[in-house]
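Below: one structure, written as structure tokens.
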Amino acid sequence: MMQNQIHLWAFLQGIGFFPTGWKHKRAKPEGVFHMDYYARVAQLAEQGRFDAIVFGDQLQSRGAGGRAPERLAMPTLDPVSLLTAMAAVTRHIGLVATVSTTYNTPEMLAERFGTMERITGGRSGWNIVTTAHPDTAPNFGATELPPKDARYRNAVEVVARACELWAAMDREGPELPQGRPVLVQAGQSPDGRDFAARTAEAIFCPAASIEAGVDFRTDLRSRVTSVGRNPDGVRIMPGLSCVLCGTEEEARAEHTAILDLADDALAIEYLSESLCCDLTGFDPLGQIPVDEILAKTLLPQGDVARSIVPGAEKGTPLGEFAANFMRHPRGHNVFIGTPEQMADMMIEWRDAGACDGFTLQPSYMPGGLEDFVGQVVPILQARGRLRTDYPGTTLRETLGLPAREAVTA
Amino acid sequence: MTRPFILSASVAEPAFAVPDHARAVLQAAEAAGFDLLMLGRSGERPFDAQVLVAWAAPMTTTLGVVATVPASKAHPFHVARALSAVDFLATGRTGWSVVPEGAPDGMAEDMIGAARALWDGWGSDTLILDKESGRYLDASKVKASNYKGAYFKVAGPVNAMRPPLGHPLLVIDGDDPIAIDDADIALVSDGTAAPQATKRLIKVGADADAAMLAERFESREIDGAHFTLNDALSELPQIGARLAALLAPRPAGNLRARLGLPIPSTASNQPGGAVIPEIA
């Protein structure tokens with residue numbers, strides 16, 4: 001085993017990390033509706049010796065205030081279907097689907113992932129989410145989401161029951177090559193972190209700086225230890241986006257160019273989605289309409305107030321606030337520079353204990369993934385930090401975990 | 001166009017969930033000229049067929065892949081999304097067959113109604129994908145279905161596009177008590193009342209007589225045959241060889257075009273499937 005090996009996951013949902021990504025000249029927004037695109041990007045990730053491809057998911061269509069946004073890439077297709085099709089055209093890469101414990105029964109989950117586990121030859125993973133968007137409930141006959149603590153209590157029971165069902169499926173045959181899918185989690189709150197510590201074999205998180213990464217990983221490893229699990233059996237994989245060019249100056253210019261693909265309308269559309277409140281009728285040069293937003297948003301008012309009140313107090317116009325909001329989508333680290341600098345940064349984070357690897361979120365697709373695999377992967381391999389071949393065939397083997405393990409949830 | 005003799009079969013072997021076996025069965029079905037391969041059947045569904053049709057999509061080029069969907073162990077929001085994705089991956093070659101699997105009366109019909117409403121929430125021409133103007137889609141073509149059935153209440157819009165087929169082919173097994181009179185295909189047994197559907201396939205065993213099938217097809221009593229397989233790998237080539245004379249070349253296009261199955265006018269609010277704009 002290489003010392004301080006860097007694990008790589010590819011987060012490939014949609015058409016890239018930036019809301020403007022689909023407009024980039026190298027982006028292929030039509031690709032997400034074609035098998036050729038999924039075959040190409042899955043094979044690229046496998047060529048780059050990534051552990052796994054992961055797709056996020058939502059169970060609601062975009063559309064604040066009942067109006068579908070015209071300028072954002074949507075819809076997103078079902079991740080289990082896309083990943084299972086990608087398995088048919090690859091041999092090693094793991095396939096991790098985000099699926100909700102709130103809007104699936106344990107029986108549905110066990111059947112779906114059990115079949116995926118068999119047909120992928122042991123490359124399946126489940127990113128366990130409890131679903132947080134308020135627009136989801138009416139798609140499942142409910143008026144409101146259950147509160148967060150109830151969702152997490154339910155998730156613990158659902159995962160435990162699904163694991164029992166997988167054990168039964170495995171006994172009946174055909175065998176489940178890993179016993180069950182690899183369990184993955186991304187919760188940030190104390191409830192989410194405790195659940196992850198008891199359950200997950202890999203964890204995503206946003207970490208905007210190396211210090212934030214060290215804090216998160218140290219906290220998670222201590223929670224894992226306190227529930228009697230081995231912290232070395234859990235991979236911490238913060239998100240990482242990037243803009244790569246031959247010089248740092250060119251990369252900065254390219255990053256600016258990507259952000260400049262957003263006009264006011266797109267930026268306000270994205271802000272509307274993020275705040276769950278239609279702002280498209282407001283003047284981009286006017287004040288941030290704080291009272292209207294707080295009255296209309298479907299999200300918890302306190303969370304929304306925290307993100308908009310500081311800007312409003314400074315008198316930032318709505319359009320400018322929206323454009324700034326889009327610079328750091330979802331709080332992940334965005335690396336801007338040369339491939340050599342990026343490899344240095346990744347090694348520094350790994351050696352500092354800020355992560356076990358990274359969940360790459362290409363800024364646009366497929367160009368962002370092509371650049372990383374073509375330019376950064378060979379450097380990491382030459383420095384002995386990234387495998388040049390897969391150690392086995394299952395995702396657990398790829399992650400360096402024991403071949404089979406019972407759940408401790 | 002020449003009226004096609006539709007050749008269909010169902011596999012329900014647990015081994016179909018294992019890649020080497022599934023690959024061989026899919027290749028055998030395509031080589032034998034089958035139009036439809038149904039994964040699972042009523043009472044025998046040893047896998048999640050919605051997952052396996054996704055895997056089958058890039059493994060096949062002409063075969064229609066039909067997922068059995070249990071009314072009692074699925075939700076129309078998930079089903080509509082999964083089948084939409086698979087229909088894109090398979091470029092318009094998917095079908096579905098709702099099986100009651102212990103569901104209360106009316107639940108299978110409710111599943112069908114809800115999924116159809118979700119697919120109809122997206123217009124065929126919703127996507128624009130114009131980088132210059134920045135318009136990704138035409139918002140006026142996306143609508144909440146607000147479907148309210150006895151079992152399923154689904155607001156929508158679904159977070160999935162209308163499929164290339166518009167709706168995947170709906171296959172109803174006539175031996176299941178499902179009150180749907182506008183399915184695309186009904187599988188019928190001799191001597192039983194058949195549900196209304198655009199096409200009727202007679203359910204037969206692997207040793208069915210080719211001359212008998214040809215005669216009933218010519219008399220327009222049936223539109224093809226559905227074989228219930230027990231050992232798919234050996235039976236598929238034998239059936240293909242015996243029925244080769246009945247199988248005329250198919251026109252190009254998606255599964256509806258190949259088999260002469262336009263969306264029934266009562267089933268959808270629009271006649272076509274999703275169109276993906278070409279980007280220069």
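Numbering starts fresh at 1 for the residues of each chain in the structure tokens, the chains themselves are lettered A, B, ... in the order given, and ligands are numbered from 1 as they appear.
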Residue contacts of Pro138 in chain A (9 Å, only C-alpha atoms) excluding same-chain residues fewer than 5 positions away, as a ChimeraX atom specification: /A:143-145 /B:146,153-156
Using only C-alpha atoms, what does the table of chain A residues within 8 Å of chain B look like, with each row giving the shortest atom pair and its distance in Å to one decimal, sorted by chain and ascending number, as a tab-separated table?
```
residue	atom	partner	partner_atom	distance
A:Trp22	CA	B:Lys131	CA	7.6
A:Lys23	CA	B:Lys131	CA	4.9
A:His24	CA	B:Lys131	CA	7.7
A:Lys28	CA	B:Ile279	CA	7.9
A:Pro29	CA	B:Leu129	CA	6.9
A:Glu30	CA	B:Ile276	CA	6.9
A:Phe33	CA	B:Phe88	CA	5.8
A:His34	CA	B:Leu89	CA	5.8
A:Met35	CA	B:Leu89	CA	4.8
A:Gln58	CA	B:Asn159	CA	7.7
A:Leu59	CA	B:Asn159	CA	6.6
A:Gln60	CA	B:Asn159	CA	5.6
A:Ser61	CA	B:Asn159	CA	4.3
A:Arg62	CA	B:Asn159	CA	7.6
A:Arg67	CA	B:Ala139	CA	7.1
A:Ala68	CA	B:Ala139	CA	5.1
A:Pro69	CA	B:Ala139	CA	6.4
A:Glu70	CA	B:Leu137	CA	5.0
A:Arg71	CA	B:Arg135	CA	5.0
A:Leu72	CA	B:Tyr136	CA	6.3
A:Ala73	CA	B:Tyr136	CA	6.2
A:Met74	CA	B:Asn159	CA	7.8
A:Pro75	CA	B:Ala160	CA	5.3
A:Thr76	CA	B:Ala160	CA	6.0
A:Leu77	CA	B:Ala160	CA	5.3
A:Asp78	CA	B:Ala82	CA	5.3
A:Val80	CA	B:Val51	CA	7.2
A:Ser81	CA	B:Ala54	CA	5.2
A:Leu82	CA	B:Ala85	CA	6.9
A:Thr84	CA	B:Trp55	CA	5.3
A:Ala85	CA	B:Trp55	CA	4.4
A:Met86	CA	B:Trp55	CA	7.7
A:Ala87	CA	B:Trp55	CA	7.2
A:Ala88	CA	B:Trp55	CA	5.7
A:Val89	CA	B:Pro58	CA	7.5
A:Glu107	CA	B:Lys73	CA	7.4
A:Met108	CA	B:Lys73	CA	6.2
A:Glu111	CA	B:Asp48	CA	5.8
A:Arg112	CA	B:Asp48	CA	5.6
A:Thr115	CA	B:Asp48	CA	5.8
A:Met116	CA	B:Val51	CA	6.4
A:Arg118	CA	B:Val18	CA	5.7
A:Ile119	CA	B:Pro19	CA	5.1
A:Thr120	CA	B:Pro19	CA	7.1
A:Gly121	CA	B:Pro19	CA	7.0
A:Pro138	CA	B:Ala155	CA	5.4
A:Asn139	CA	B:Val154	CA	4.3
A:Phe140	CA	B:Val154	CA	5.7
A:Gly141	CA	B:Lys153	CA	4.5
A:Pro174	CA	B:Ala15	CA	6.8
A:Leu266	CA	B:Gly134	CA	7.8
```
Write a file of the selected residues as a short mmCIF file (atom, residue, chain, number, x, y, z; two decimals), in the first residue's frame, keeping N, CA and C atoms.
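Now in result_14.cif:
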```cif
data_model
loop_
_atom_site.label_atom_id
_atom_site.label_comp_id
_atom_site.auth_asym_id
_atom_site.auth_seq_id
_atom_site.Cartn_x
_atom_site.Cartn_y
_atom_site.Cartn_z
N TRP A 22 -23.05 24.96 -18.02
CA TRP A 22 -23.63 24.42 -19.26
C TRP A 22 -23.44 25.35 -20.45
N LYS A 23 -23.16 26.66 -20.15
CA LYS A 23 -22.99 27.62 -21.24
C LYS A 23 -21.55 27.69 -21.75
N HIS A 24 -20.62 27.01 -21.06
CA HIS A 24 -19.22 27.06 -21.48
C HIS A 24 -19.06 26.48 -22.89
N LYS A 28 -21.12 20.25 -23.00
CA LYS A 28 -22.06 19.57 -23.89
C LYS A 28 -23.35 19.31 -23.12
N PRO A 29 -24.19 20.34 -23.00
CA PRO A 29 -25.38 20.19 -22.15
C PRO A 29 -26.35 19.13 -22.66
N GLU A 30 -26.33 18.84 -23.96
CA GLU A 30 -27.22 17.80 -24.48
C GLU A 30 -26.74 16.41 -24.07
N PHE A 33 -28.47 13.64 -21.79
CA PHE A 33 -29.59 12.84 -22.29
C PHE A 33 -29.14 11.69 -23.21
N HIS A 34 -27.82 11.44 -23.25
CA HIS A 34 -27.31 10.43 -24.18
C HIS A 34 -26.37 9.43 -23.51
N MET A 35 -26.52 8.18 -23.83
CA MET A 35 -25.66 7.12 -23.29
C MET A 35 -24.20 7.35 -23.66
N GLN A 58 -32.11 14.90 -6.12
CA GLN A 58 -33.23 15.58 -5.48
C GLN A 58 -34.50 14.87 -5.90
N LEU A 59 -35.52 14.97 -5.09
CA LEU A 59 -36.81 14.37 -5.43
C LEU A 59 -37.85 15.45 -5.67
N GLN A 60 -37.39 16.55 -6.21
CA GLN A 60 -38.31 17.60 -6.62
C GLN A 60 -37.70 18.28 -7.83
N SER A 61 -38.57 18.82 -8.67
CA SER A 61 -38.07 19.56 -9.81
C SER A 61 -37.72 20.97 -9.35
N ARG A 62 -36.75 21.57 -9.99
CA ARG A 62 -36.45 22.97 -9.67
C ARG A 62 -37.66 23.83 -9.99
N ARG A 67 -42.66 28.21 -10.58
CA ARG A 67 -42.23 28.60 -11.91
C ARG A 67 -40.93 27.87 -12.23
N ALA A 68 -40.88 27.12 -13.31
CA ALA A 68 -39.65 26.40 -13.64
C ALA A 68 -38.59 27.40 -14.12
N PRO A 69 -37.36 27.27 -13.62
CA PRO A 69 -36.32 28.20 -14.07
C PRO A 69 -35.87 27.88 -15.50
N GLU A 70 -35.75 28.90 -16.32
CA GLU A 70 -35.42 28.70 -17.73
C GLU A 70 -33.93 28.61 -17.97
N ARG A 71 -33.12 29.11 -17.04
CA ARG A 71 -31.71 29.31 -17.33
C ARG A 71 -30.79 28.33 -16.63
N LEU A 72 -31.35 27.44 -15.83
CA LEU A 72 -30.54 26.46 -15.11
C LEU A 72 -30.70 25.10 -15.76
N ALA A 73 -29.58 24.34 -15.78
CA ALA A 73 -29.63 23.01 -16.36
C ALA A 73 -30.52 22.11 -15.50
N MET A 74 -31.53 21.56 -16.08
CA MET A 74 -32.44 20.63 -15.43
C MET A 74 -33.19 19.90 -16.52
N PRO A 75 -33.87 18.82 -16.30
CA PRO A 75 -33.94 18.12 -15.02
C PRO A 75 -32.71 17.24 -14.82
N THR A 76 -32.63 16.58 -13.67
CA THR A 76 -31.59 15.59 -13.47
C THR A 76 -32.23 14.21 -13.50
N LEU A 77 -31.64 13.33 -14.27
CA LEU A 77 -32.22 12.00 -14.44
C LEU A 77 -31.89 11.11 -13.24
N ASP A 78 -32.59 10.02 -13.13
CA ASP A 78 -32.48 9.12 -11.98
C ASP A 78 -31.07 8.54 -11.84
N VAL A 80 -29.70 6.05 -10.00
CA VAL A 80 -29.48 4.59 -10.00
C VAL A 80 -29.45 4.08 -11.45
N SER A 81 -30.35 4.62 -12.28
CA SER A 81 -30.39 4.17 -13.68
C SER A 81 -29.11 4.57 -14.41
N LEU A 82 -28.70 5.82 -14.25
CA LEU A 82 -27.51 6.29 -14.97
C LEU A 82 -26.27 5.51 -14.55
N THR A 84 -26.08 2.52 -13.12
CA THR A 84 -26.13 1.11 -13.49
C THR A 84 -25.78 0.94 -14.97
N ALA A 85 -26.25 1.87 -15.81
CA ALA A 85 -25.86 1.82 -17.22
C ALA A 85 -24.37 2.05 -17.38
N MET A 86 -23.78 2.93 -16.55
CA MET A 86 -22.33 3.17 -16.63
C MET A 86 -21.56 1.91 -16.23
N ALA A 87 -22.13 1.12 -15.33
CA ALA A 87 -21.47 -0.13 -14.93
C ALA A 87 -21.32 -1.08 -16.11
N ALA A 88 -22.29 -1.00 -17.04
CA ALA A 88 -22.26 -1.93 -18.17
C ALA A 88 -21.12 -1.62 -19.14
N VAL A 89 -20.55 -0.42 -19.05
CA VAL A 89 -19.49 -0.04 -19.98
C VAL A 89 -18.15 0.22 -19.27
N GLU A 107 -37.75 -2.08 1.96
CA GLU A 107 -37.92 -3.13 0.97
C GLU A 107 -37.54 -2.62 -0.42
N MET A 108 -38.00 -1.41 -0.76
CA MET A 108 -37.66 -0.82 -2.05
C MET A 108 -36.16 -0.60 -2.17
N GLU A 111 -34.23 -3.99 -2.49
CA GLU A 111 -34.39 -4.62 -3.80
C GLU A 111 -33.59 -3.85 -4.86
N ARG A 112 -33.67 -2.51 -4.78
CA ARG A 112 -33.01 -1.69 -5.79
C ARG A 112 -31.49 -1.84 -5.70
N THR A 115 -30.14 -5.48 -6.36
CA THR A 115 -30.01 -5.78 -7.79
C THR A 115 -28.82 -5.04 -8.39
N MET A 116 -28.67 -3.77 -7.99
CA MET A 116 -27.54 -2.99 -8.51
C MET A 116 -26.21 -3.63 -8.08
N ARG A 118 -25.59 -6.77 -7.47
CA ARG A 118 -25.33 -7.98 -8.25
C ARG A 118 -24.89 -7.66 -9.68
N ILE A 119 -25.65 -6.80 -10.35
CA ILE A 119 -25.41 -6.60 -11.78
C ILE A 119 -24.13 -5.79 -12.02
N THR A 120 -23.67 -5.04 -11.00
CA THR A 120 -22.40 -4.31 -11.15
C THR A 120 -21.21 -5.15 -10.68
N GLY A 121 -21.46 -6.38 -10.26
CA GLY A 121 -20.37 -7.22 -9.77
C GLY A 121 -19.71 -6.67 -8.51
N PRO A 138 -44.89 17.05 -1.28
CA PRO A 138 -46.10 16.88 -2.09
C PRO A 138 -45.96 15.89 -3.26
N ASN A 139 -44.74 15.53 -3.59
CA ASN A 139 -44.57 14.49 -4.62
C ASN A 139 -44.83 13.09 -4.06
N PHE A 140 -44.93 13.01 -2.73
CA PHE A 140 -45.14 11.71 -2.08
C PHE A 140 -46.37 11.74 -1.17
N GLY A 141 -47.33 12.56 -1.56
CA GLY A 141 -48.62 12.54 -0.88
C GLY A 141 -48.63 13.20 0.48
N PRO A 174 -28.55 -15.08 -6.08
CA PRO A 174 -27.09 -15.06 -6.23
C PRO A 174 -26.46 -14.14 -5.19
N LEU A 266 -29.52 34.87 -14.90
CA LEU A 266 -29.13 33.54 -14.46
C LEU A 266 -28.74 33.56 -12.97
#
```
Selection near range 251-253 of chain A, 9 Å with only C-alpha atoms, sequence-local residues under 6 positions removed, as a PyMOL selection string: chain A and resi 243-245+336-338
Surrounding residues of Ala197 in chain B excluding itself and chain neighbours under 4 positions, 7 Å, only C-alpha atoms, as a ChimeraX atom specification: /B:181-186
Residues just named, written with C-alpha atoms as a CSV table (one decimal), in the first residue's frame:
```csv
chain,number,residue,atom,x,y,z
B,181,ASP,CA,-58.2,-0.1,-21.6
B,182,ASP,CA,-55.6,1.8,-23.5
B,183,ALA,CA,-52.4,-0.2,-23.0
B,184,ASP,CA,-50.0,-0.5,-25.9
B,185,ILE,CA,-49.8,-4.3,-25.6
B,186,ALA,CA,-51.9,-6.9,-23.9
```
Atomic separation - CA of Asp36 in chain A relative to CA of Ser10 in chain B, Å: 27.8 Å
Computed interatomic separation between CA of Leu109 in chain A and CA of Val184 in chain A (Å): 14.3 Å
Residues near Ile308 in chain A, cut-off 12 Å, only C-alpha atoms, skip fewer than 6 positions along chain, as a list in words: Leu271, Ser272, Ser274, Leu275, Gln287, Ile288, Pro289, Val290, Asp291, Glu292, Ile293, Leu294, Gln301, Gly302, Lys314, Gly315, Thr316, Pro317, Leu318, Phe321, Ala322, Asn324 and Phe325 of chain A
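Residues in contact with Trp96 in chain B at 9 Å, where only C-alpha atoms are counted and same-chain residues fewer than 6 positions away are skipped, are listed as Met38, Gln50, Val65, Val66, Ala67, Thr68, Val69, Leu83, Pro168, Leu169, Leu170, Val171 and Ile172 of chain B.
Among the candidate residues B:Asp207, B:Glu44, B:Glu101, B:Glu215, the one lying nearest to Arg242 in chain B is B:Asp207, with distances computed using only C-alpha atoms.
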Every residue of range 43-220 of chain B that DSSP places in strand (DSSP E), as a PyMOL selection string: chain B and resi 64-70+94-99+127-130+135-137+147-148+153-154+169-173+183-188+197-204
In range 7-214 of chain A, DSSP helix (DSSP H, G or I) residues written as JSON, numbers by chain: {"A": [21, 22, 23, 29, 30, 31, 32, 33, 35, 36, 37, 38, 39, 40, 41, 42, 43, 44, 45, 46, 47, 64, 65, 66, 79, 80, 81, 82, 83, 84, 85, 86, 87, 106, 107, 108, 109, 110, 111, 112, 113, 114, 115, 116, 117, 118, 119, 134, 135, 136, 137, 138, 139, 140, 148, 149, 150, 151, 152, 153, 154, 155, 156, 157, 158, 159, 160, 161, 162, 163, 164, 165, 166, 167, 168, 169, 170, 171, 172, 190, 191, 192, 193, 194, 195, 196, 197, 198, 199, 210, 211, 212, 213, 214]}
Go ahead and write the residues just picked, C-alpha atoms, as a short mmCIF file (atom, residue, chain, number, x, y, z; two decimals), in the first residue's frame.
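Final output, out.cif:
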```cif
data_model
loop_
_atom_site.label_atom_id
_atom_site.label_comp_id
_atom_site.auth_asym_id
_atom_site.auth_seq_id
_atom_site.Cartn_x
_atom_site.Cartn_y
_atom_site.Cartn_z
CA GLY A 21 -21.16 25.56 -16.60
CA TRP A 22 -23.63 24.42 -19.26
CA LYS A 23 -22.99 27.62 -21.24
CA PRO A 29 -25.38 20.19 -22.15
CA GLU A 30 -27.22 17.80 -24.48
CA GLY A 31 -24.88 15.03 -23.31
CA VAL A 32 -26.82 14.33 -20.13
CA PHE A 33 -29.59 12.84 -22.29
CA MET A 35 -25.66 7.12 -23.29
CA ASP A 36 -22.53 8.06 -25.30
CA TYR A 37 -21.85 10.88 -22.85
CA TYR A 38 -22.21 8.64 -19.78
CA ALA A 39 -19.98 5.97 -21.36
CA ARG A 40 -17.34 8.61 -22.19
CA VAL A 41 -17.21 10.17 -18.71
CA ALA A 42 -17.37 6.81 -16.89
CA GLN A 43 -14.45 5.50 -18.94
CA LEU A 44 -12.52 8.74 -18.34
CA ALA A 45 -12.98 8.42 -14.57
CA GLU A 46 -11.85 4.80 -14.75
CA GLN A 47 -8.83 5.80 -16.83
CA ALA A 64 -39.23 28.39 -6.84
CA GLY A 65 -42.76 29.63 -6.45
CA GLY A 66 -44.19 27.19 -8.98
CA PRO A 79 -29.01 8.35 -10.56
CA VAL A 80 -29.48 4.59 -10.00
CA SER A 81 -30.39 4.17 -13.68
CA LEU A 82 -27.51 6.29 -14.97
CA LEU A 83 -24.92 4.63 -12.73
CA THR A 84 -26.13 1.11 -13.49
CA ALA A 85 -25.86 1.82 -17.22
CA MET A 86 -22.33 3.17 -16.63
CA ALA A 87 -21.47 -0.13 -14.93
CA PRO A 106 -36.44 -0.51 3.31
CA GLU A 107 -37.92 -3.13 0.97
CA MET A 108 -37.66 -0.82 -2.05
CA LEU A 109 -34.12 0.18 -1.12
CA ALA A 110 -32.98 -3.38 -0.51
CA GLU A 111 -34.39 -4.62 -3.80
CA ARG A 112 -33.01 -1.69 -5.79
CA PHE A 113 -29.49 -1.70 -4.36
CA GLY A 114 -29.38 -5.49 -4.05
CA THR A 115 -30.01 -5.78 -7.79
CA MET A 116 -27.54 -2.99 -8.51
CA GLU A 117 -24.94 -4.73 -6.33
CA ARG A 118 -25.33 -7.98 -8.25
CA ILE A 119 -25.41 -6.60 -11.78
CA PRO A 134 -39.62 21.18 1.34
CA ASP A 135 -40.98 20.78 -2.22
CA THR A 136 -40.38 17.02 -2.02
CA ALA A 137 -43.22 16.15 0.34
CA PRO A 138 -46.10 16.88 -2.09
CA ASN A 139 -44.57 14.49 -4.62
CA PHE A 140 -45.14 11.71 -2.08
CA LYS A 148 -34.86 16.73 10.80
CA ASP A 149 -34.48 14.73 14.01
CA ALA A 150 -37.36 12.46 12.98
CA ARG A 151 -35.83 11.99 9.53
CA TYR A 152 -32.52 10.91 11.06
CA ARG A 153 -34.19 8.55 13.57
CA ASN A 154 -36.06 6.99 10.68
CA ALA A 155 -32.88 6.76 8.59
CA VAL A 156 -31.15 4.70 11.28
CA GLU A 157 -34.04 2.21 11.28
CA VAL A 158 -34.32 2.11 7.50
CA VAL A 159 -30.61 1.40 7.02
CA ALA A 160 -30.64 -1.32 9.68
CA ARG A 161 -33.68 -2.99 8.11
CA ALA A 162 -32.22 -2.73 4.59
CA CYS A 163 -29.05 -4.42 5.86
CA GLU A 164 -31.11 -7.31 7.24
CA LEU A 165 -32.82 -7.66 3.90
CA TRP A 166 -29.49 -7.67 2.05
CA ALA A 167 -28.21 -10.39 4.36
CA ALA A 168 -31.28 -12.45 3.46
CA MET A 169 -30.84 -11.77 -0.27
CA ASP A 170 -27.20 -12.79 -0.03
CA ARG A 171 -28.11 -16.08 1.68
CA GLU A 172 -30.74 -16.87 -0.95
CA PRO A 190 -24.30 17.07 14.65
CA ASP A 191 -27.17 14.60 13.90
CA GLY A 192 -25.74 13.98 10.44
CA ARG A 193 -22.19 13.53 11.72
CA ASP A 194 -23.26 11.03 14.38
CA PHE A 195 -25.25 9.07 11.83
CA ALA A 196 -22.27 9.07 9.47
CA ALA A 197 -19.93 7.97 12.25
CA ARG A 198 -22.12 4.95 13.05
CA THR A 199 -22.92 4.00 9.48
CA ILE A 210 -7.27 22.97 4.66
CA GLU A 211 -8.08 23.99 8.25
CA ALA A 212 -11.77 23.27 7.73
CA GLY A 213 -10.83 19.88 6.30
CA VAL A 214 -8.59 19.02 9.28
#
```
